[in-house]
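Engineer: The structure's right below; bear with me while I get my questions together.
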Amino acid sequence: MTLNAALRLMAGTVVLISLALSQYHSTLWLWLTAFVGFNLLQSAFTRWCPAITVFRLLGLKEEVCDSKGMNVNQGVHIIAGVLILATSVPVVLGMVGSTLLILPLIIGLSLIQSAFTGWCPAILIARMVGFKPTHRA
């Protein structure tokens, strides 16, 4: 498993857990969902988040891009991060109903399955809009 696959697996898992906790315990758990979205978004631009440090220590291999510009993994982080933030924050602030949480649920499931299959709709979209392909180092 690559570093980015592990990151998607962890992000998707935390999103699903926080969504479940928000439904069965307290809506304040949606702040954790929003934090994951924010972390994905900032990691797209900085190429770092706390989990990446741990995954590097565990010896997971990174993917590299042969050309300059943002790579597909960064594109996935932007897409997932923006959508998670745009749906979870309005719900936790009471601006919209919890039905909107279906989108972060789908994104969380998609991130998890992409960690194992190497494909999700966000990867396809990132490639279509011009994010650069990666390969294992």
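By order of appearance in the structure tokens: chains A, B, ..., then residues from 1 within every chain, and ligands from 1 in the order shown.
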Write out as a PyMOL selection string each polymer residue whose atoms come within 7 Å of region 48-56 of chain A, counting only C-alpha atoms; drop sequence neighbours fewer than 2 positions from it.
Structural biologist: chain A and resi 3+7+39+43+46+58-60
Engineer: Applying 9 Å and only C-alpha atoms, which residues near Ile79 (chain A) remain after dropping the ones on its own chain fewer than 4 positions away? List them as a PDB file with C-alpha atoms, in the first residue's frame.
Structural biologist:
ATOM      1  CA  LEU A  40      -7.273  16.759   3.016  1.00  0.00           C
ATOM      2  CA  LEU A  41      -7.527  20.208   1.475  1.00  0.00           C
ATOM      3  CA  GLN A  74      -3.428  16.230  -4.687  1.00  0.00           C
ATOM      4  CA  GLY A  75      -6.455  16.589  -6.952  1.00  0.00           C
ATOM      5  CA  LEU A  83     -16.896  18.479  -0.740  1.00  0.00           C
ATOM      6  CA  ILE A  84     -16.563  17.213   2.839  1.00  0.00           C
ATOM      7  CA  ALA A 122     -12.349  11.786  -7.793  1.00  0.00           C
ATOM      8  CA  ILE A 125     -12.103  13.769 -12.356  1.00  0.00           C
ATOM      9  CA  ALA A 126      -8.608  14.823 -11.264  1.00  0.00           C
TER      10      ALA A 126
END
Engineer: So what do you get for CA of Ala5 (chain A) versus CA of Ser26 (chain A), distance-wise?
Structural biologist: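 Separating CA of Ala5 (chain A) from CA of Ser26 (chain A) is a distance of 29.5 Å.
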Engineer: Between A:Thr13, A:Asn71, A:Asn4, A:Thr99, which residue has the minimum interatomic distance to Phe131 (chain A), considering only C-alpha atoms?
Structural biologist: A:Asn71
Engineer: Might you pull out every residue within 12 Å of Leu101 (chain A), with only C-alpha atoms counted and same-chain residues fewer than 4 positions away left off, and present them as an MDAnalysis selection string?
Structural biologist: chainID A and resid 15:16 18:20 22:23 27 30 33:34 83:92 96:97 105:108
Engineer: What separation in Å, quoted to one decimal, exists between CA of Trp29 (chain A) and CA of Thr117 (chain A)?
Structural biologist: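 If I compute the distance from CA of Trp29 (chain A) to CA of Thr117 (chain A), I get 28.6 Å.
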Engineer: Where does DSSP see helix (DSSP H, G or I) in chain A, if you list the residues as a ChimeraX atom specification?
Structural biologist: /A:3-24,27-46,50-57,72-92,98-117,121-128
Engineer: Please run DSSP on the backbone and report, as a PyMOL selection string, all residues within chain A that come out as strand (DSSP E or B).
Structural biologist: chain A and resi 2+61+63-64+71+132+135-136
